[in-house]
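Visitor: Next up, run.txt (compact mmCIF, C-alpha atoms).
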```
# COMPACT_ATOMS: atom_id res chain seq x y z
CA MET U 1 99.00 84.21 127.60
CA ASN U 2 102.67 83.34 127.37
CA SER U 3 105.57 85.72 127.92
CA TRP U 4 105.84 86.45 124.19
CA PRO U 5 102.41 87.49 122.91
CA ARG U 6 103.55 88.30 119.32
CA GLN U 7 101.05 91.12 119.10
CA PRO U 8 101.31 94.87 118.57
CA VAL U 9 99.43 96.49 121.41
CA PRO U 10 97.51 99.65 120.62
CA VAL U 11 94.65 100.73 122.88
CA VAL U 12 91.09 99.44 122.41
CA ARG U 13 88.10 98.50 124.47
CA SER U 14 84.49 97.67 123.70
CA CYS U 15 82.39 100.83 123.90
CA VAL U 16 80.49 102.55 121.08
CA PHE U 17 83.59 104.53 120.07
CA CYS U 18 85.78 101.42 119.94
CA ARG U 19 83.22 99.64 117.76
CA GLU U 20 83.33 102.65 115.40
CA GLY U 21 87.13 102.47 115.22
CA LEU U 22 87.71 105.56 117.38
CA HIS U 23 89.59 103.73 120.12
CA THR U 24 91.31 106.85 121.41
CA SER U 25 87.90 108.17 122.54
CA CYS U 26 87.07 105.04 124.53
CA ARG U 27 84.45 105.66 127.22
CA TYR U 28 86.22 103.23 129.52
CA GLY U 29 89.33 105.21 130.03
CA PHE U 30 91.80 105.80 127.22
CA ASP U 31 94.36 107.45 129.43
CA GLY U 32 97.18 108.21 127.05
CA PHE U 33 99.45 105.33 128.08
CA ASP U 34 101.93 104.30 125.44
CA GLY U 35 101.21 101.92 122.57
CA GLY U 36 102.82 98.98 124.29
CA GLN U 37 106.23 99.13 122.65
CA GLY U 38 108.06 98.22 125.85
CA GLU U 39 109.23 94.79 126.89
CA ALA U 40 105.93 94.28 128.69
CA ALA U 41 102.64 96.15 128.94
CA ARG U 42 99.52 95.85 131.07
CA VAL U 43 96.65 95.66 128.58
CA PRO U 44 93.16 96.36 129.92
CA GLN U 45 90.49 94.36 128.06
CA ALA U 46 93.12 92.55 126.00
CA ASP U 47 90.55 90.38 124.23
CA GLY U 48 89.52 93.37 122.15
CA THR U 49 93.00 94.80 121.77
CA LEU U 50 95.57 92.23 120.77
CA VAL U 51 96.09 91.13 117.19
CA ALA U 52 97.72 87.74 116.63
CA LEU U 53 100.69 87.87 114.27
CA PRO U 54 101.75 84.96 112.09
CA VAL U 55 105.46 85.38 112.90
CA GLU U 56 107.92 84.45 115.64
CA ARG U 57 109.57 86.90 118.05
CA ASP U 58 112.86 87.00 116.13
CA ASP U 59 111.26 87.46 112.71
CA ALA U 60 112.88 90.14 110.57
CA LEU U 61 109.46 91.74 110.13
CA MET U 62 109.13 92.53 113.84
CA PRO U 63 110.36 96.16 113.63
CA SER U 64 107.84 96.90 110.85
CA LEU U 65 105.05 95.09 112.69
CA LEU U 66 105.80 97.09 115.82
CA THR U 67 105.11 100.34 113.94
CA LEU U 68 101.50 99.28 113.36
CA SER U 69 100.69 100.10 117.00
CA ASP U 70 101.97 103.67 116.74
CA VAL U 71 104.08 105.48 114.13
CA MET U 72 102.78 103.74 110.99
CA ALA U 73 99.18 104.00 112.14
CA THR U 74 99.74 107.66 113.07
CA GLY U 75 101.07 108.50 109.59
CA HIS U 76 98.19 106.59 108.03
CA HIS U 77 95.74 108.48 110.24
CA ALA U 78 97.28 111.80 109.15
CA ALA U 79 96.94 110.82 105.49
CA LEU U 80 93.31 109.79 105.92
CA SER U 81 92.53 112.95 107.91
CA ALA U 82 94.10 115.07 105.16
CA ARG U 83 92.13 113.17 102.49
CA VAL U 84 95.27 112.04 100.65
CA ALA U 85 94.31 110.46 97.33
CA PRO U 86 96.16 109.24 94.22
CA GLY U 87 97.35 112.21 92.19
CA ASN U 88 97.12 114.69 95.10
CA THR U 89 99.94 117.06 95.89
CA VAL U 90 100.85 116.27 99.50
CA ALA U 91 102.98 118.26 101.95
CA VAL U 92 104.27 116.66 105.16
CA VAL U 93 105.15 119.13 107.90
CA GLY U 94 107.49 117.51 110.36
CA ASP U 95 108.87 114.65 108.32
CA GLY U 96 109.79 116.17 105.02
CA ALA U 97 109.45 118.90 102.46
CA GLY U 98 106.65 121.33 101.97
CA GLY U 99 105.42 123.22 98.99
CA LEU U 100 102.61 125.69 98.60
CA GLY U 101 99.21 124.75 97.21
CA ALA U 102 99.03 121.15 98.36
CA GLU U 103 95.64 119.43 98.36
CA SER U 104 96.59 117.43 101.43
CA VAL U 105 98.94 118.48 104.24
CA LEU U 106 100.03 116.25 107.11
CA GLU U 107 100.92 118.21 110.27
CA CYS U 108 103.08 115.88 112.35
CA VAL U 109 104.69 118.15 114.95
CA GLY U 110 102.00 119.97 116.95
CA LEU U 111 103.84 123.24 117.56
CA GLY U 112 102.16 126.54 116.70
CA GLU U 113 104.72 127.31 113.99
CA SER U 114 104.36 123.92 112.29
CA THR U 115 100.58 124.22 112.40
CA VAL U 116 100.75 127.65 110.76
CA THR U 117 103.10 126.23 108.12
CA ALA U 118 100.68 123.39 107.40
CA LEU U 119 97.68 125.70 107.19
CA ARG U 120 99.52 128.07 104.86
CA CYS U 121 100.61 125.19 102.56
CA VAL U 122 97.13 123.84 101.91
CA ARG U 123 95.17 125.11 98.92
CA ALA U 124 91.57 126.27 99.03
CA GLY U 125 89.28 123.26 99.42
CA GLY U 126 92.18 121.13 100.68
CA ALA U 127 92.61 119.31 103.95
CA VAL U 128 95.09 119.27 106.82
CA GLY U 129 95.51 116.09 108.85
CA ARG U 130 96.83 116.96 112.33
CA VAL U 131 98.56 114.20 114.29
CA GLY U 132 101.20 116.27 116.08
CA VAL U 133 100.11 116.70 119.71
CA PRO U 134 98.97 120.36 119.92
CA GLN U 135 101.12 122.62 122.06
CA GLU U 136 98.66 125.51 121.69
CA ASP U 137 95.07 125.87 122.89
CA THR U 138 93.80 127.40 119.66
CA VAL U 139 94.12 126.62 115.97
CA PRO U 140 95.85 129.49 114.12
CA GLU U 141 94.74 130.83 110.73
CA ALA U 142 91.10 130.22 111.70
CA MET U 143 89.55 132.90 109.49
CA SER U 144 91.69 132.28 106.39
CA THR U 145 91.15 128.51 106.48
CA PHE U 146 87.44 128.98 107.11
CA MET U 147 87.10 131.33 104.13
CA ALA U 148 89.06 128.90 101.93
CA ASN U 149 86.91 125.88 102.93
CA VAL U 150 89.91 124.03 104.31
CA THR U 151 89.14 120.85 106.23
CA ILE U 152 91.14 120.51 109.44
CA ALA U 153 90.90 117.04 110.95
CA GLY U 154 92.93 114.59 112.99
CA GLY U 155 93.76 113.71 116.53
CA PRO U 156 95.32 110.71 118.22
CA ALA U 157 95.55 107.78 115.80
CA ALA U 158 93.23 104.90 116.63
CA ALA U 159 95.99 102.45 115.69
CA ARG U 160 93.90 99.34 116.38
CA ALA U 161 91.41 100.40 113.70
CA TYR U 162 94.13 100.40 111.02
CA ILE U 163 96.03 97.19 111.80
CA GLU U 164 94.00 94.83 109.60
CA GLU U 165 94.34 97.29 106.69
CA LEU U 166 98.10 97.82 107.11
CA LEU U 167 99.21 94.35 108.23
CA PRO U 168 99.10 92.61 104.81
CA ASP U 169 101.46 95.17 103.22
CA VAL U 170 103.97 94.66 106.03
CA LEU U 171 103.71 90.86 105.92
CA GLU U 172 104.15 90.88 102.12
CA ARG U 173 107.08 93.30 102.54
CA LYS U 174 105.46 95.90 100.28
CA ILE U 175 106.30 98.47 102.95
CA GLU U 176 109.00 98.45 105.65
CA PRO U 177 108.01 101.03 108.26
CA GLY U 178 110.35 99.37 110.77
CA ARG U 179 113.25 101.10 109.04
CA VAL U 180 112.50 104.09 111.31
CA PHE U 181 114.13 102.22 114.19
CA ASP U 182 117.89 102.67 114.31
CA HIS U 183 118.64 101.08 117.68
CA THR U 184 117.25 98.30 119.88
CA THR U 185 117.96 98.00 123.58
CA GLY U 186 116.64 96.33 126.70
CA ILE U 187 115.35 98.22 129.69
CA ASP U 188 118.87 98.47 131.15
CA GLY U 189 120.15 100.31 128.07
CA VAL U 190 117.56 103.08 128.00
CA ARG U 191 119.72 105.64 129.82
CA THR U 192 122.58 105.10 127.36
CA VAL U 193 120.35 105.45 124.31
CA THR U 194 118.48 108.54 125.53
CA ALA U 195 121.74 110.24 126.49
CA ARG U 196 122.93 110.21 122.86
```
Write out the structure in this file as structure tokens.
Guide:
Amino acid sequence: MNSWPRQPVPVVRSCVFCREGLHTSCRYGFDGFDGGQGEAARVPQADGTLVALPVERDDALMPSLLTLSDVMATGHHAALSARVAPGNTVAVVGDGAGGLGAESVLECVGLGESTVTALRCVRAGGAVGRVGVPQEDTVPEAMSTFMANVTIAGGPAAARAYIEELLPDVLERKIEPGRVFDHTTGIDGVRTVTAR
């Protein structure tokens, strides 16, 4: 492999969970390391992880392609977990507005208060997709959501499972998730950027 692999690098291996698209439950050691957005990453079992991209390193699409290994896949995972469908009312807790009585709610923060907000926004029979890393050991509103038949789903996004689905829209410029990045720096500039 050369020094520029041109591949987003989510985590994946080759166990039963990976084959089912649940890469974050890999039996061979998903250990929570980052999605490979640094200048270099050690990638265990890279043959099952890397996705070749039909672009060069300096391509204008690179910021959007980078999101497929993390933030775009995480938002997609939240939407799938919350059963978002055409015509649904959707509330996003953490990245936007709310509104009571939504069929689908995306909880993207993980704090107790944001989880309560999400669970109070969803209508009976609706679904909450949780992708914010939980900061609590229990899920609040357990009895009220149980009685209202609310589906609560989610967890770490198995980004590798979504890349083939999301990649064409990025390559065709139908979506530009890379717009979330407002600054690029090398390893030497990290202190300056994080100090802002």
Visitor: To one decimal place, how far is atom CA of Val84 of chain U from atom CA of Leu106 of chain U in Å?
Guide: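 Interatomic distance here is 9.1 Å.
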Visitor: Calculated over only C-alpha atoms, which of the candidates U:Arg27, U:Leu53, U:Cys15, U:Gly154 has the smallest distance to Val170 of chain U?
Guide: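 Closest candidate: U:Leu53.
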Visitor: How many Å lie between atom CA of Val190 of chain U and atom CA of Ser64 of chain U, rounded to one decimal?
Guide: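 Spanning atom CA of Val190 of chain U to atom CA of Ser64 of chain U is a straight-line distance of 20.7 Å.
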Visitor: Anything within 10 Å of (99.3, 115.0, 99.7): list those residues as a CSV table (one decimal) with C-alpha atoms, in the frame of the given file, counting only C-alpha atoms and sticking to the file's coordinates.
Guide:
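Written file, part37.csv:
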```csv
chain,number,residue,atom,x,y,z
U,79,ALA,CA,96.9,110.8,105.5
U,82,ALA,CA,94.1,115.1,105.2
U,83,ARG,CA,92.1,113.2,102.5
U,84,VAL,CA,95.3,112.0,100.6
U,85,ALA,CA,94.3,110.5,97.3
U,86,PRO,CA,96.2,109.2,94.2
U,87,GLY,CA,97.4,112.2,92.2
U,88,ASN,CA,97.1,114.7,95.1
U,89,THR,CA,99.9,117.1,95.9
U,90,VAL,CA,100.8,116.3,99.5
U,91,ALA,CA,103.0,118.3,102.0
U,92,VAL,CA,104.3,116.7,105.2
U,98,GLY,CA,106.6,121.3,102.0
U,102,ALA,CA,99.0,121.2,98.4
U,103,GLU,CA,95.6,119.4,98.4
U,104,SER,CA,96.6,117.4,101.4
U,105,VAL,CA,98.9,118.5,104.2
U,106,LEU,CA,100.0,116.2,107.1
U,122,VAL,CA,97.1,123.8,101.9
U,126,GLY,CA,92.2,121.1,100.7
U,127,ALA,CA,92.6,119.3,104.0
U,128,VAL,CA,95.1,119.3,106.8
U,129,GLY,CA,95.5,116.1,108.8
```
Visitor: Mind giving me the straight-line distance from atom CA of Ala148 of chain U to atom CA of Val131 of chain U in Å, one decimal?
Guide: 21.4 Å
Visitor: (102.7, 88.6, 110.4) in this file's frame - what residues fall within 8 Å of it? Use all atoms listed in the file and give the answer as a short mmCIF file (atom, residue, chain, number, x, y, z; two decimals) with C-alpha atoms, keeping the file's coordinate frame.
Guide:
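Now in part-v7.cif:
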```cif
data_model
loop_
_atom_site.label_atom_id
_atom_site.label_comp_id
_atom_site.auth_asym_id
_atom_site.auth_seq_id
_atom_site.Cartn_x
_atom_site.Cartn_y
_atom_site.Cartn_z
CA LEU U 53 100.69 87.87 114.27
CA PRO U 54 101.75 84.96 112.09
CA VAL U 55 105.46 85.38 112.90
CA LEU U 61 109.46 91.74 110.13
CA LEU U 65 105.05 95.09 112.69
CA LEU U 167 99.21 94.35 108.23
CA PRO U 168 99.10 92.61 104.81
CA VAL U 170 103.97 94.66 106.03
CA LEU U 171 103.71 90.86 105.92
#
```
Visitor: Return the padded bounding box of segment 114-129 of chain U as AutoDock Vina command-line options: axis-aligned, built from all atoms listed in the file, 6 Å added on each side, with centre and edge lengths in Å to one decimal.
Guide:
```
--center_x 96.8 --center_y 122.1 --center_z 105.7 --size_x 27.1 --size_y 24.0 --size_z 25.5
```
Visitor: May I ask which of the residues U:Ile187, U:Leu68, U:Leu119, U:Leu50 is the closest one to Ala153 of chain U, counting all atoms listed in the file?
Guide: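 For Ala153 of chain U, the nearest of the candidates is U:Leu119.
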Visitor: Measuring between all atoms listed in the file, which one of U:Arg160, U:Arg173, U:His23, U:Arg130 shows the shortest distance to Ala118 of chain U?
Guide: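 Closest candidate: U:Arg130.
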Visitor: May I ask which of the residues U:Gly125, U:Asp59, U:Gly132, U:Val51 is the closest one to Val93 of chain U, counting only C-alpha atoms?
Guide: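 Of the candidates, the smallest distance to Val93 of chain U is held by U:Gly132.
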Visitor: Of the residues U:Asn149, U:Asp70, U:Met62, U:Cys108, which is the one nearest to Ala161 of chain U, using only C-alpha atoms?
Guide: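 Closest residue, counting only C-alpha atoms: U:Asp70.
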Visitor: Would you mind putting back N, CA and C atoms on segment 159-180 of chain U, then writing it out as an mmCIF file, in the coordinates of the input?
Guide:
```
data_model
loop_
_atom_site.group_PDB
_atom_site.id
_atom_site.type_symbol
_atom_site.label_atom_id
_atom_site.label_comp_id
_atom_site.auth_asym_id
_atom_site.auth_seq_id
_atom_site.Cartn_x
_atom_site.Cartn_y
_atom_site.Cartn_z
ATOM 1 N N ALA U 159 95.134 103.432 116.375
ATOM 2 C CA ALA U 159 95.990 102.450 115.690
ATOM 3 C C ALA U 159 95.296 101.105 115.500
ATOM 4 N N ARG U 160 94.540 100.646 116.487
ATOM 5 C CA ARG U 160 93.900 99.340 116.380
ATOM 6 C C ARG U 160 92.965 99.272 115.163
ATOM 7 N N ALA U 161 92.339 100.380 114.828
ATOM 8 C CA ALA U 161 91.410 100.400 113.700
ATOM 9 C C ALA U 161 92.110 100.207 112.356
ATOM 10 N N TYR U 162 93.404 100.463 112.291
ATOM 11 C CA TYR U 162 94.130 100.400 111.020
ATOM 12 C C TYR U 162 94.952 99.128 110.840
ATOM 13 N N ILE U 163 95.111 98.335 111.891
ATOM 14 C CA ILE U 163 96.030 97.190 111.800
ATOM 15 C C ILE U 163 95.645 96.208 110.707
ATOM 16 N N GLU U 164 94.383 95.804 110.630
ATOM 17 C CA GLU U 164 94.000 94.830 109.600
ATOM 18 C C GLU U 164 94.252 95.368 108.194
ATOM 19 N N GLU U 165 94.103 96.670 108.002
ATOM 20 C CA GLU U 165 94.340 97.290 106.690
ATOM 21 C C GLU U 165 95.837 97.339 106.357
ATOM 22 N N LEU U 166 96.668 97.633 107.345
ATOM 23 C CA LEU U 166 98.100 97.820 107.110
ATOM 24 C C LEU U 166 98.913 96.532 107.195
ATOM 25 N N LEU U 167 98.457 95.580 107.974
ATOM 26 C CA LEU U 167 99.210 94.350 108.230
ATOM 27 C C LEU U 167 99.599 93.583 106.962
ATOM 28 N N PRO U 168 98.704 93.370 105.997
ATOM 29 C CA PRO U 168 99.100 92.610 104.810
ATOM 30 C C PRO U 168 100.283 93.220 104.053
ATOM 31 N N ASP U 169 100.342 94.532 103.930
ATOM 32 C CA ASP U 169 101.460 95.170 103.220
ATOM 33 C C ASP U 169 102.780 94.964 103.941
ATOM 34 N N VAL U 170 102.746 94.926 105.268
ATOM 35 C CA VAL U 170 103.970 94.660 106.030
ATOM 36 C C VAL U 170 104.371 93.195 105.873
ATOM 37 N N LEU U 171 103.408 92.291 106.030
ATOM 38 C CA LEU U 171 103.710 90.860 105.920
ATOM 39 C C LEU U 171 104.223 90.479 104.535
ATOM 40 N N GLU U 172 103.703 91.144 103.497
ATOM 41 C CA GLU U 172 104.150 90.880 102.120
ATOM 42 C C GLU U 172 105.379 91.698 101.746
ATOM 43 N N ARG U 173 105.876 92.469 102.722
ATOM 44 C CA ARG U 173 107.080 93.300 102.540
ATOM 45 C C ARG U 173 106.919 94.356 101.443
ATOM 46 N N LYS U 174 105.693 94.806 101.222
ATOM 47 C CA LYS U 174 105.460 95.900 100.280
ATOM 48 C C LYS U 174 105.913 97.222 100.887
ATOM 49 N N ILE U 175 105.813 97.310 102.206
ATOM 50 C CA ILE U 175 106.300 98.470 102.950
ATOM 51 C C ILE U 175 107.152 97.972 104.102
ATOM 52 N N GLU U 176 108.118 98.791 104.536
ATOM 53 C CA GLU U 176 109.000 98.450 105.650
ATOM 54 C C GLU U 176 109.083 99.608 106.633
ATOM 55 N N PRO U 177 107.984 99.892 107.331
ATOM 56 C CA PRO U 177 108.010 101.030 108.260
ATOM 57 C C PRO U 177 108.963 100.836 109.420
ATOM 58 N N GLY U 178 109.405 99.625 109.685
ATOM 59 C CA GLY U 178 110.350 99.370 110.770
ATOM 60 C C GLY U 178 111.710 99.976 110.541
ATOM 61 N N ARG U 179 111.963 100.467 109.332
ATOM 62 C CA ARG U 179 113.250 101.100 109.040
ATOM 63 C C ARG U 179 113.440 102.385 109.839
ATOM 64 N N VAL U 180 112.366 102.879 110.480
ATOM 65 C CA VAL U 180 112.500 104.090 111.310
ATOM 66 C C VAL U 180 113.292 103.821 112.574
#
```
